[in-house]
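Here is model-v8.cif, consisting of mmCIF, N, CA and C atoms:
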data_coords
loop_
_atom_site.label_atom_id
_atom_site.label_comp_id
_atom_site.auth_asym_id
_atom_site.auth_seq_id
_atom_site.Cartn_x
_atom_site.Cartn_y
_atom_site.Cartn_z
N MET A 1 115.03 110.47 100.72
CA MET A 1 116.04 111.45 101.02
C MET A 1 115.42 112.70 101.61
N ALA A 2 116.05 113.22 102.59
CA ALA A 2 115.56 114.42 103.24
C ALA A 2 116.16 115.65 102.57
N SER A 3 115.55 116.80 102.83
CA SER A 3 116.04 118.07 102.29
C SER A 3 115.83 119.14 103.35
N SER A 4 115.98 120.38 102.94
CA SER A 4 115.78 121.46 103.90
C SER A 4 114.33 121.58 104.34
N HIS A 5 113.40 121.03 103.56
CA HIS A 5 111.98 121.12 103.90
C HIS A 5 111.40 119.81 104.42
N VAL A 6 112.13 118.72 104.22
CA VAL A 6 111.66 117.38 104.60
C VAL A 6 112.67 116.76 105.54
N THR A 7 112.18 116.19 106.64
CA THR A 7 113.04 115.58 107.65
C THR A 7 113.00 114.06 107.51
N GLN A 8 114.16 113.45 107.53
CA GLN A 8 114.24 111.98 107.53
C GLN A 8 114.04 111.50 108.96
N VAL A 9 113.12 110.57 109.17
CA VAL A 9 112.92 110.01 110.50
C VAL A 9 113.08 108.50 110.43
N ASN A 10 113.34 107.91 111.61
CA ASN A 10 113.54 106.47 111.70
C ASN A 10 113.02 106.00 113.05
N ASP A 11 113.25 104.73 113.34
CA ASP A 11 112.77 104.17 114.61
C ASP A 11 113.30 104.96 115.81
N ALA A 12 114.52 105.46 115.72
CA ALA A 12 115.17 106.13 116.86
C ALA A 12 114.65 107.53 117.12
N ASN A 13 114.33 108.30 116.06
CA ASN A 13 113.94 109.70 116.28
C ASN A 13 112.46 109.99 115.99
N PHE A 14 111.66 108.97 115.74
CA PHE A 14 110.25 109.17 115.41
C PHE A 14 109.49 109.89 116.53
N GLU A 15 109.73 109.49 117.74
CA GLU A 15 109.01 110.11 118.86
C GLU A 15 109.31 111.60 118.95
N SER A 16 110.58 111.97 118.90
CA SER A 16 110.94 113.38 119.04
C SER A 16 110.52 114.21 117.83
N GLU A 17 110.60 113.65 116.64
CA GLU A 17 110.30 114.41 115.43
C GLU A 17 108.82 114.43 115.06
N VAL A 18 108.10 113.35 115.35
CA VAL A 18 106.71 113.24 114.92
C VAL A 18 105.74 113.29 116.10
N LEU A 19 105.89 112.36 117.03
CA LEU A 19 104.92 112.28 118.12
C LEU A 19 104.91 113.52 119.00
N ASN A 20 106.06 114.16 119.18
CA ASN A 20 106.14 115.35 120.02
C ASN A 20 105.97 116.64 119.24
N SER A 21 105.67 116.57 117.97
CA SER A 21 105.50 117.78 117.15
C SER A 21 104.16 118.44 117.45
N ASP A 22 104.18 119.77 117.53
CA ASP A 22 102.94 120.52 117.71
C ASP A 22 102.25 120.76 116.37
N LYS A 23 102.97 120.54 115.28
CA LYS A 23 102.42 120.76 113.95
C LYS A 23 101.68 119.51 113.45
N LEU A 24 100.85 119.73 112.45
CA LEU A 24 100.31 118.62 111.68
C LEU A 24 101.50 117.99 110.96
N VAL A 25 101.58 116.66 110.96
CA VAL A 25 102.71 115.96 110.35
C VAL A 25 102.21 115.11 109.19
N LEU A 26 102.93 115.21 108.07
CA LEU A 26 102.69 114.35 106.91
C LEU A 26 103.87 113.39 106.82
N ILE A 27 103.59 112.09 106.91
CA ILE A 27 104.64 111.07 106.86
C ILE A 27 104.59 110.40 105.49
N ASP A 28 105.74 110.31 104.84
CA ASP A 28 105.88 109.63 103.56
C ASP A 28 106.70 108.36 103.79
N PHE A 29 106.03 107.21 103.76
CA PHE A 29 106.73 105.92 103.85
C PHE A 29 107.17 105.54 102.45
N TYR A 30 108.47 105.24 102.28
CA TYR A 30 109.03 105.00 100.96
C TYR A 30 110.19 104.00 101.06
N ALA A 31 110.73 103.64 99.88
CA ALA A 31 111.96 102.86 99.80
C ALA A 31 112.77 103.38 98.61
N ASP A 32 114.09 103.30 98.73
CA ASP A 32 114.96 103.79 97.66
C ASP A 32 114.75 103.06 96.34
N TRP A 33 114.34 101.80 96.39
CA TRP A 33 114.18 100.97 95.20
C TRP A 33 112.81 101.12 94.56
N CYS A 34 111.92 101.86 95.17
CA CYS A 34 110.52 101.98 94.73
C CYS A 34 110.36 103.07 93.68
N GLY A 35 110.01 102.66 92.45
CA GLY A 35 109.82 103.61 91.36
C GLY A 35 108.74 104.64 91.62
N PRO A 36 107.53 104.25 92.05
CA PRO A 36 106.49 105.24 92.35
C PRO A 36 106.91 106.20 93.47
N CYS A 37 107.68 105.70 94.43
CA CYS A 37 108.18 106.56 95.51
C CYS A 37 109.11 107.64 94.95
N LYS A 38 109.98 107.23 94.04
CA LYS A 38 110.92 108.17 93.41
C LYS A 38 110.17 109.23 92.60
N SER A 39 109.11 108.81 91.90
CA SER A 39 108.36 109.77 91.10
C SER A 39 107.59 110.75 91.97
N MET A 40 107.21 110.32 93.17
CA MET A 40 106.43 111.17 94.06
C MET A 40 107.31 112.11 94.89
N ALA A 41 108.57 111.79 95.06
CA ALA A 41 109.47 112.57 95.92
C ALA A 41 109.47 114.07 95.59
N PRO A 42 109.57 114.48 94.33
CA PRO A 42 109.55 115.92 94.05
C PRO A 42 108.24 116.60 94.44
N ARG A 43 107.14 115.86 94.35
CA ARG A 43 105.83 116.41 94.74
C ARG A 43 105.76 116.62 96.25
N VAL A 44 106.31 115.67 96.99
CA VAL A 44 106.34 115.79 98.46
C VAL A 44 107.22 116.97 98.85
N GLU A 45 108.37 117.10 98.20
CA GLU A 45 109.29 118.20 98.47
C GLU A 45 108.63 119.55 98.15
N GLU A 46 107.97 119.63 97.01
CA GLU A 46 107.29 120.88 96.62
C GLU A 46 106.20 121.23 97.62
N PHE A 47 105.41 120.23 98.02
CA PHE A 47 104.37 120.47 99.02
C PHE A 47 104.99 120.99 100.32
N ALA A 48 106.08 120.36 100.76
CA ALA A 48 106.73 120.77 102.00
C ALA A 48 107.24 122.21 101.92
N ALA A 49 107.81 122.58 100.79
CA ALA A 49 108.34 123.94 100.62
C ALA A 49 107.22 124.98 100.65
N GLU A 50 106.05 124.62 100.14
CA GLU A 50 104.92 125.55 100.07
C GLU A 50 104.06 125.56 101.32
N ASN A 51 104.28 124.61 102.24
CA ASN A 51 103.44 124.49 103.44
C ASN A 51 104.28 124.36 104.69
N PRO A 52 104.94 125.45 105.11
CA PRO A 52 105.81 125.36 106.28
C PRO A 52 105.06 125.09 107.59
N ASP A 53 103.74 125.22 107.57
CA ASP A 53 102.95 124.93 108.77
C ASP A 53 102.72 123.44 108.96
N VAL A 54 103.11 122.63 107.96
CA VAL A 54 103.00 121.18 108.04
C VAL A 54 104.42 120.62 108.12
N LYS A 55 104.67 119.76 109.10
CA LYS A 55 105.97 119.10 109.19
C LYS A 55 105.91 117.87 108.29
N VAL A 56 106.80 117.84 107.30
CA VAL A 56 106.83 116.74 106.36
C VAL A 56 108.05 115.88 106.66
N VAL A 57 107.80 114.58 106.86
CA VAL A 57 108.88 113.65 107.18
C VAL A 57 108.82 112.45 106.25
N LYS A 58 109.97 111.81 106.07
CA LYS A 58 110.06 110.60 105.26
C LYS A 58 110.59 109.47 106.12
N VAL A 59 110.03 108.28 105.92
CA VAL A 59 110.46 107.07 106.62
C VAL A 59 110.84 106.03 105.58
N ASN A 60 112.11 105.65 105.56
CA ASN A 60 112.58 104.59 104.67
C ASN A 60 112.19 103.26 105.33
N ILE A 61 111.31 102.50 104.68
CA ILE A 61 110.79 101.29 105.31
C ILE A 61 111.87 100.23 105.52
N ASP A 62 112.91 100.23 104.69
CA ASP A 62 113.99 99.25 104.83
C ASP A 62 114.89 99.56 106.02
N GLN A 63 114.96 100.84 106.39
CA GLN A 63 115.82 101.25 107.50
C GLN A 63 115.05 101.43 108.81
N SER A 64 113.74 101.32 108.75
CA SER A 64 112.90 101.52 109.94
C SER A 64 111.84 100.42 110.05
N PRO A 65 112.28 99.20 110.30
CA PRO A 65 111.32 98.09 110.35
C PRO A 65 110.30 98.22 111.48
N GLY A 66 110.69 98.84 112.58
CA GLY A 66 109.75 99.01 113.68
C GLY A 66 108.57 99.90 113.31
N LEU A 67 108.85 101.03 112.67
CA LEU A 67 107.78 101.92 112.24
C LEU A 67 106.94 101.29 111.14
N THR A 68 107.60 100.60 110.23
CA THR A 68 106.89 99.94 109.15
C THR A 68 105.88 98.94 109.71
N ALA A 69 106.28 98.17 110.70
CA ALA A 69 105.38 97.21 111.33
C ALA A 69 104.31 97.90 112.15
N SER A 70 104.69 98.93 112.89
CA SER A 70 103.75 99.65 113.75
C SER A 70 102.60 100.26 112.95
N PHE A 71 102.91 100.78 111.77
CA PHE A 71 101.90 101.38 110.92
C PHE A 71 101.29 100.38 109.94
N ALA A 72 101.71 99.12 110.03
CA ALA A 72 101.20 98.05 109.17
C ALA A 72 101.30 98.43 107.69
N ILE A 73 102.46 98.95 107.30
CA ILE A 73 102.68 99.35 105.92
C ILE A 73 102.82 98.11 105.05
N LYS A 74 101.93 97.97 104.09
CA LYS A 74 101.94 96.82 103.18
C LYS A 74 102.35 97.21 101.77
N SER A 75 102.09 98.46 101.39
CA SER A 75 102.41 98.97 100.06
C SER A 75 103.01 100.37 100.20
N ILE A 76 103.86 100.70 99.25
CA ILE A 76 104.45 102.03 99.24
C ILE A 76 104.34 102.60 97.83
N PRO A 77 104.33 103.91 97.74
CA PRO A 77 104.38 104.89 98.81
C PRO A 77 103.07 104.93 99.61
N THR A 78 103.20 105.23 100.88
CA THR A 78 102.06 105.45 101.76
C THR A 78 102.25 106.78 102.47
N LEU A 79 101.23 107.60 102.45
CA LEU A 79 101.24 108.87 103.18
C LEU A 79 100.30 108.74 104.37
N VAL A 80 100.71 109.30 105.50
CA VAL A 80 99.90 109.29 106.72
C VAL A 80 99.97 110.67 107.33
N THR A 81 98.82 111.19 107.79
CA THR A 81 98.81 112.44 108.53
C THR A 81 98.64 112.13 110.01
N MET A 82 99.33 112.90 110.83
CA MET A 82 99.26 112.74 112.29
C MET A 82 99.23 114.10 112.96
N LYS A 83 98.63 114.13 114.12
CA LYS A 83 98.65 115.32 114.97
C LYS A 83 98.63 114.86 116.42
N HIS A 84 99.56 115.35 117.20
CA HIS A 84 99.67 115.01 118.62
C HIS A 84 99.68 113.50 118.84
N GLY A 85 100.39 112.78 117.97
CA GLY A 85 100.56 111.35 118.14
C GLY A 85 99.44 110.47 117.63
N ALA A 86 98.40 111.08 117.06
CA ALA A 86 97.27 110.30 116.56
C ALA A 86 97.27 110.30 115.03
N SER A 87 97.13 109.12 114.45
CA SER A 87 97.00 109.01 112.99
C SER A 87 95.61 109.50 112.60
N ILE A 88 95.54 110.31 111.55
CA ILE A 88 94.26 110.88 111.13
C ILE A 88 93.79 110.23 109.83
N TYR A 89 94.57 110.40 108.77
CA TYR A 89 94.22 109.85 107.46
C TYR A 89 95.45 109.25 106.82
N GLY A 90 95.20 108.42 105.81
CA GLY A 90 96.29 107.83 105.06
C GLY A 90 95.91 107.66 103.60
N SER A 91 96.95 107.51 102.78
CA SER A 91 96.77 107.32 101.34
C SER A 91 97.84 106.37 100.85
N VAL A 92 97.45 105.35 100.08
CA VAL A 92 98.39 104.37 99.55
C VAL A 92 98.52 104.56 98.05
N GLY A 93 99.75 104.57 97.57
CA GLY A 93 100.01 104.72 96.14
C GLY A 93 100.47 106.13 95.81
N ALA A 94 101.10 106.26 94.64
CA ALA A 94 101.60 107.55 94.20
C ALA A 94 100.42 108.49 93.91
N VAL A 95 100.56 109.73 94.34
CA VAL A 95 99.53 110.73 94.11
C VAL A 95 100.18 112.00 93.57
N LEU A 96 99.37 112.81 92.91
CA LEU A 96 99.83 114.12 92.47
C LEU A 96 99.93 115.05 93.67
N LYS A 97 100.53 116.21 93.47
CA LYS A 97 100.61 117.18 94.57
C LYS A 97 99.21 117.56 95.04
N SER A 98 98.26 117.63 94.11
CA SER A 98 96.88 117.95 94.50
C SER A 98 96.30 116.88 95.42
N GLY A 99 96.72 115.62 95.26
CA GLY A 99 96.29 114.56 96.15
C GLY A 99 96.87 114.73 97.55
N ILE A 100 98.11 115.17 97.63
CA ILE A 100 98.73 115.45 98.93
C ILE A 100 97.98 116.60 99.60
N GLU A 101 97.71 117.65 98.83
CA GLU A 101 96.99 118.80 99.37
C GLU A 101 95.61 118.40 99.87
N LYS A 102 94.91 117.54 99.12
CA LYS A 102 93.58 117.08 99.52
C LYS A 102 93.65 116.30 100.82
N LEU A 103 94.63 115.41 100.95
CA LEU A 103 94.80 114.62 102.17
C LEU A 103 95.00 115.53 103.38
N VAL A 104 95.85 116.53 103.23
CA VAL A 104 96.12 117.45 104.34
C VAL A 104 94.90 118.32 104.64
N THR A 105 94.21 118.78 103.61
CA THR A 105 93.00 119.59 103.81
C THR A 105 91.93 118.78 104.54
N GLU A 106 91.72 117.53 104.12
CA GLU A 106 90.73 116.68 104.80
C GLU A 106 91.12 116.44 106.25
N THR A 107 92.41 116.32 106.51
CA THR A 107 92.88 116.15 107.88
C THR A 107 92.57 117.38 108.71
N ARG A 108 92.83 118.56 108.15
CA ARG A 108 92.54 119.81 108.87
C ARG A 108 91.06 119.95 109.16
N VAL A 109 90.22 119.59 108.21
CA VAL A 109 88.76 119.67 108.40
C VAL A 109 88.34 118.72 109.52
N LYS A 110 88.87 117.51 109.51
CA LYS A 110 88.52 116.54 110.55
C LYS A 110 88.99 117.02 111.92
N LEU A 111 90.18 117.59 111.98
CA LEU A 111 90.69 118.10 113.26
C LEU A 111 89.85 119.25 113.78
N ALA A 112 89.43 120.13 112.88
CA ALA A 112 88.62 121.28 113.28
C ALA A 112 87.22 120.86 113.72
N ALA A 113 86.69 119.81 113.12
CA ALA A 113 85.32 119.39 113.42
C ALA A 113 85.22 118.54 114.68
N GLY A 114 86.22 117.71 114.92
CA GLY A 114 86.16 116.78 116.05
C GLY A 114 86.66 117.39 117.33
N ASN A 115 86.03 117.03 118.44
CA ASN A 115 86.47 117.46 119.78
C ASN A 115 86.53 118.97 119.93
N GLY A 116 85.67 119.69 119.24
CA GLY A 116 85.66 121.14 119.37
C GLY A 116 86.97 121.77 118.93
N GLY A 117 87.65 121.16 117.95
CA GLY A 117 88.91 121.70 117.46
C GLY A 117 90.13 121.20 118.20
N LYS A 118 89.89 120.42 119.28
CA LYS A 118 91.02 119.85 120.02
C LYS A 118 91.59 118.67 119.24
N PRO A 119 92.88 118.38 119.39
CA PRO A 119 93.44 117.23 118.68
C PRO A 119 92.86 115.93 119.22
N PRO A 120 92.79 114.90 118.37
CA PRO A 120 92.27 113.61 118.84
C PRO A 120 93.22 112.98 119.85
N GLN A 121 92.67 112.11 120.66
CA GLN A 121 93.50 111.39 121.61
C GLN A 121 94.32 110.33 120.88
N PRO A 122 95.59 110.17 121.24
CA PRO A 122 96.41 109.15 120.56
C PRO A 122 95.82 107.77 120.77
N PRO A 123 95.75 106.98 119.70
CA PRO A 123 95.25 105.62 119.83
C PRO A 123 96.31 104.71 120.43
N HIS A 124 95.89 103.56 120.92
CA HIS A 124 96.86 102.59 121.42
C HIS A 124 97.66 102.01 120.27
N GLU A 125 97.03 101.82 119.15
CA GLU A 125 97.69 101.35 117.94
C GLU A 125 97.30 102.30 116.82
N PRO A 126 98.15 102.47 115.80
CA PRO A 126 97.79 103.35 114.71
C PRO A 126 96.49 102.91 114.05
N THR A 127 95.64 103.89 113.73
CA THR A 127 94.41 103.62 113.03
C THR A 127 94.39 104.48 111.78
N PHE A 128 93.75 103.97 110.74
CA PHE A 128 93.73 104.68 109.49
C PHE A 128 92.32 104.72 108.93
N ASP A 129 92.00 105.79 108.22
CA ASP A 129 90.75 105.90 107.47
C ASP A 129 91.07 105.77 106.00
N PHE A 130 91.57 104.62 105.59
CA PHE A 130 91.92 104.40 104.19
C PHE A 130 90.69 104.02 103.43
#

Rendering of file as structure tokens:
Amino acid sequence: MASSHVTQVNDANFESEVLNSDKLVLIDFYADWCGPCKSMAPRVEEFAAENPDVKVVKVNIDQSPGLTASFAIKSIPTLVTMKHGASIYGSVGAVLKSGIEKLVTETRVKLAAGNGGKPPQPPHEPTFDF
């Protein structure tokens, strides 16, 4: 579920909401029936409210089969960070808010270190450093 701080995305609006975003994007792949996803939802919402410089989006895997396949999602919840259309890092399984913060911090460090601070080039297929 989306809120004022979290945007719901799907196969139809992923490009405009995520790939074309100038911000660092945190994607939460989830399903309504997933218990760990439900337990993590308030942590994702809290992180989004405290970090307006990060665009936080949710993808319901049952309603977005194209994205689910494109990112090769096998387990949920799965978090993925992206910038300028390139996948940077990912995390599988429920995590505390501190785990979300660590994932985003590691992404920022990698972005700052690589290419002289320039964003990475988008891959042909999503790649992950799991």

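CA of Gly66 (chain A) is positioned 19.5 Å from atom C of Trp33 (chain A).
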
(request) On this file, the PyMOL selection byres (((chain A and resi 48 and name CA) around 10) and name CA) gives some set of residues; write that set as a PyMOL selection string. (result) chain A and resi 3-7+26+42-47+49-57

(request) Pick out each residue of chain A that DSSP on the backbone tags as alpha helix (DSSP H); I need them as a ChimeraX atom specification. (result) /A:14,35-50,65-70,97-113

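With only C-alpha atoms as the atoms that count, the minimum distance from Lys74 (chain A) to the choices A:Gly93, A:Gly114, A:Pro36, A:Gly99 is reached by A:Gly93.
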
(message) as a ChimeraX atom specification, please: every residue in chain A that a backbone DSSP assignment puts in strand (DSSP E or B).
(response) /A:6-9,24-30,54-60,78-83,86-92

Go ahead and save the residues from that selection, with N, CA and C atoms, as an mmCIF file, in the coordinates of the input.
data_model
loop_
_atom_site.group_PDB
_atom_site.id
_atom_site.type_symbol
_atom_site.label_atom_id
_atom_site.label_comp_id
_atom_site.auth_asym_id
_atom_site.auth_seq_id
_atom_site.Cartn_x
_atom_site.Cartn_y
_atom_site.Cartn_z
ATOM 1 N N VAL A 6 112.130 118.720 104.220
ATOM 2 C CA VAL A 6 111.660 117.380 104.600
ATOM 3 C C VAL A 6 112.670 116.760 105.540
ATOM 4 N N THR A 7 112.180 116.190 106.640
ATOM 5 C CA THR A 7 113.040 115.580 107.650
ATOM 6 C C THR A 7 113.000 114.060 107.510
ATOM 7 N N GLN A 8 114.160 113.450 107.530
ATOM 8 C CA GLN A 8 114.240 111.980 107.530
ATOM 9 C C GLN A 8 114.040 111.500 108.960
ATOM 10 N N VAL A 9 113.120 110.570 109.170
ATOM 11 C CA VAL A 9 112.920 110.010 110.500
ATOM 12 C C VAL A 9 113.080 108.500 110.430
ATOM 13 N N LEU A 24 100.850 119.730 112.450
ATOM 14 C CA LEU A 24 100.310 118.620 111.680
ATOM 15 C C LEU A 24 101.500 117.990 110.960
ATOM 16 N N VAL A 25 101.580 116.660 110.960
ATOM 17 C CA VAL A 25 102.710 115.960 110.350
ATOM 18 C C VAL A 25 102.210 115.110 109.190
ATOM 19 N N LEU A 26 102.930 115.210 108.070
ATOM 20 C CA LEU A 26 102.690 114.350 106.910
ATOM 21 C C LEU A 26 103.870 113.390 106.820
ATOM 22 N N ILE A 27 103.590 112.090 106.910
ATOM 23 C CA ILE A 27 104.640 111.070 106.860
ATOM 24 C C ILE A 27 104.590 110.400 105.490
ATOM 25 N N ASP A 28 105.740 110.310 104.840
ATOM 26 C CA ASP A 28 105.880 109.630 103.560
ATOM 27 C C ASP A 28 106.700 108.360 103.790
ATOM 28 N N PHE A 29 106.030 107.210 103.760
ATOM 29 C CA PHE A 29 106.730 105.920 103.850
ATOM 30 C C PHE A 29 107.170 105.540 102.450
ATOM 31 N N TYR A 30 108.470 105.240 102.280
ATOM 32 C CA TYR A 30 109.030 105.000 100.960
ATOM 33 C C TYR A 30 110.190 104.000 101.060
ATOM 34 N N VAL A 54 103.110 122.630 107.960
ATOM 35 C CA VAL A 54 103.000 121.180 108.040
ATOM 36 C C VAL A 54 104.420 120.620 108.120
ATOM 37 N N LYS A 55 104.670 119.760 109.100
ATOM 38 C CA LYS A 55 105.970 119.100 109.190
ATOM 39 C C LYS A 55 105.910 117.870 108.290
ATOM 40 N N VAL A 56 106.800 117.840 107.300
ATOM 41 C CA VAL A 56 106.830 116.740 106.360
ATOM 42 C C VAL A 56 108.050 115.880 106.660
ATOM 43 N N VAL A 57 107.800 114.580 106.860
ATOM 44 C CA VAL A 57 108.880 113.650 107.180
ATOM 45 C C VAL A 57 108.820 112.450 106.250
ATOM 46 N N LYS A 58 109.970 111.810 106.070
ATOM 47 C CA LYS A 58 110.060 110.600 105.260
ATOM 48 C C LYS A 58 110.590 109.470 106.120
ATOM 49 N N VAL A 59 110.030 108.280 105.920
ATOM 50 C CA VAL A 59 110.460 107.070 106.620
ATOM 51 C C VAL A 59 110.840 106.030 105.580
ATOM 52 N N ASN A 60 112.110 105.650 105.560
ATOM 53 C CA ASN A 60 112.580 104.590 104.670
ATOM 54 C C ASN A 60 112.190 103.260 105.330
ATOM 55 N N THR A 78 103.200 105.230 100.880
ATOM 56 C CA THR A 78 102.060 105.450 101.760
ATOM 57 C C THR A 78 102.250 106.780 102.470
ATOM 58 N N LEU A 79 101.230 107.600 102.450
ATOM 59 C CA LEU A 79 101.240 108.870 103.180
ATOM 60 C C LEU A 79 100.300 108.740 104.370
ATOM 61 N N VAL A 80 100.710 109.300 105.500
ATOM 62 C CA VAL A 80 99.900 109.290 106.720
ATOM 63 C C VAL A 80 99.970 110.670 107.330
ATOM 64 N N THR A 81 98.820 111.190 107.790
ATOM 65 C CA THR A 81 98.810 112.440 108.530
ATOM 66 C C THR A 81 98.640 112.130 110.010
ATOM 67 N N MET A 82 99.330 112.900 110.830
ATOM 68 C CA MET A 82 99.260 112.740 112.290
ATOM 69 C C MET A 82 99.230 114.100 112.960
ATOM 70 N N LYS A 83 98.630 114.130 114.120
ATOM 71 C CA LYS A 83 98.650 115.320 114.970
ATOM 72 C C LYS A 83 98.630 114.860 116.420
ATOM 73 N N ALA A 86 98.400 111.080 117.060
ATOM 74 C CA ALA A 86 97.270 110.300 116.560
ATOM 75 C C ALA A 86 97.270 110.300 115.030
ATOM 76 N N SER A 87 97.130 109.120 114.450
ATOM 77 C CA SER A 87 97.000 109.010 112.990
ATOM 78 C C SER A 87 95.610 109.500 112.600
ATOM 79 N N ILE A 88 95.540 110.310 111.550
ATOM 80 C CA ILE A 88 94.260 110.880 111.130
ATOM 81 C C ILE A 88 93.790 110.230 109.830
ATOM 82 N N TYR A 89 94.570 110.400 108.770
ATOM 83 C CA TYR A 89 94.220 109.850 107.460
ATOM 84 C C TYR A 89 95.450 109.250 106.820
ATOM 85 N N GLY A 90 95.200 108.420 105.810
ATOM 86 C CA GLY A 90 96.290 107.830 105.060
ATOM 87 C C GLY A 90 95.910 107.660 103.600
ATOM 88 N N SER A 91 96.950 107.510 102.780
ATOM 89 C CA SER A 91 96.770 107.320 101.340
ATOM 90 C C SER A 91 97.840 106.370 100.850
ATOM 91 N N VAL A 92 97.450 105.350 100.080
ATOM 92 C CA VAL A 92 98.390 104.370 99.550
ATOM 93 C C VAL A 92 98.520 104.560 98.050
#
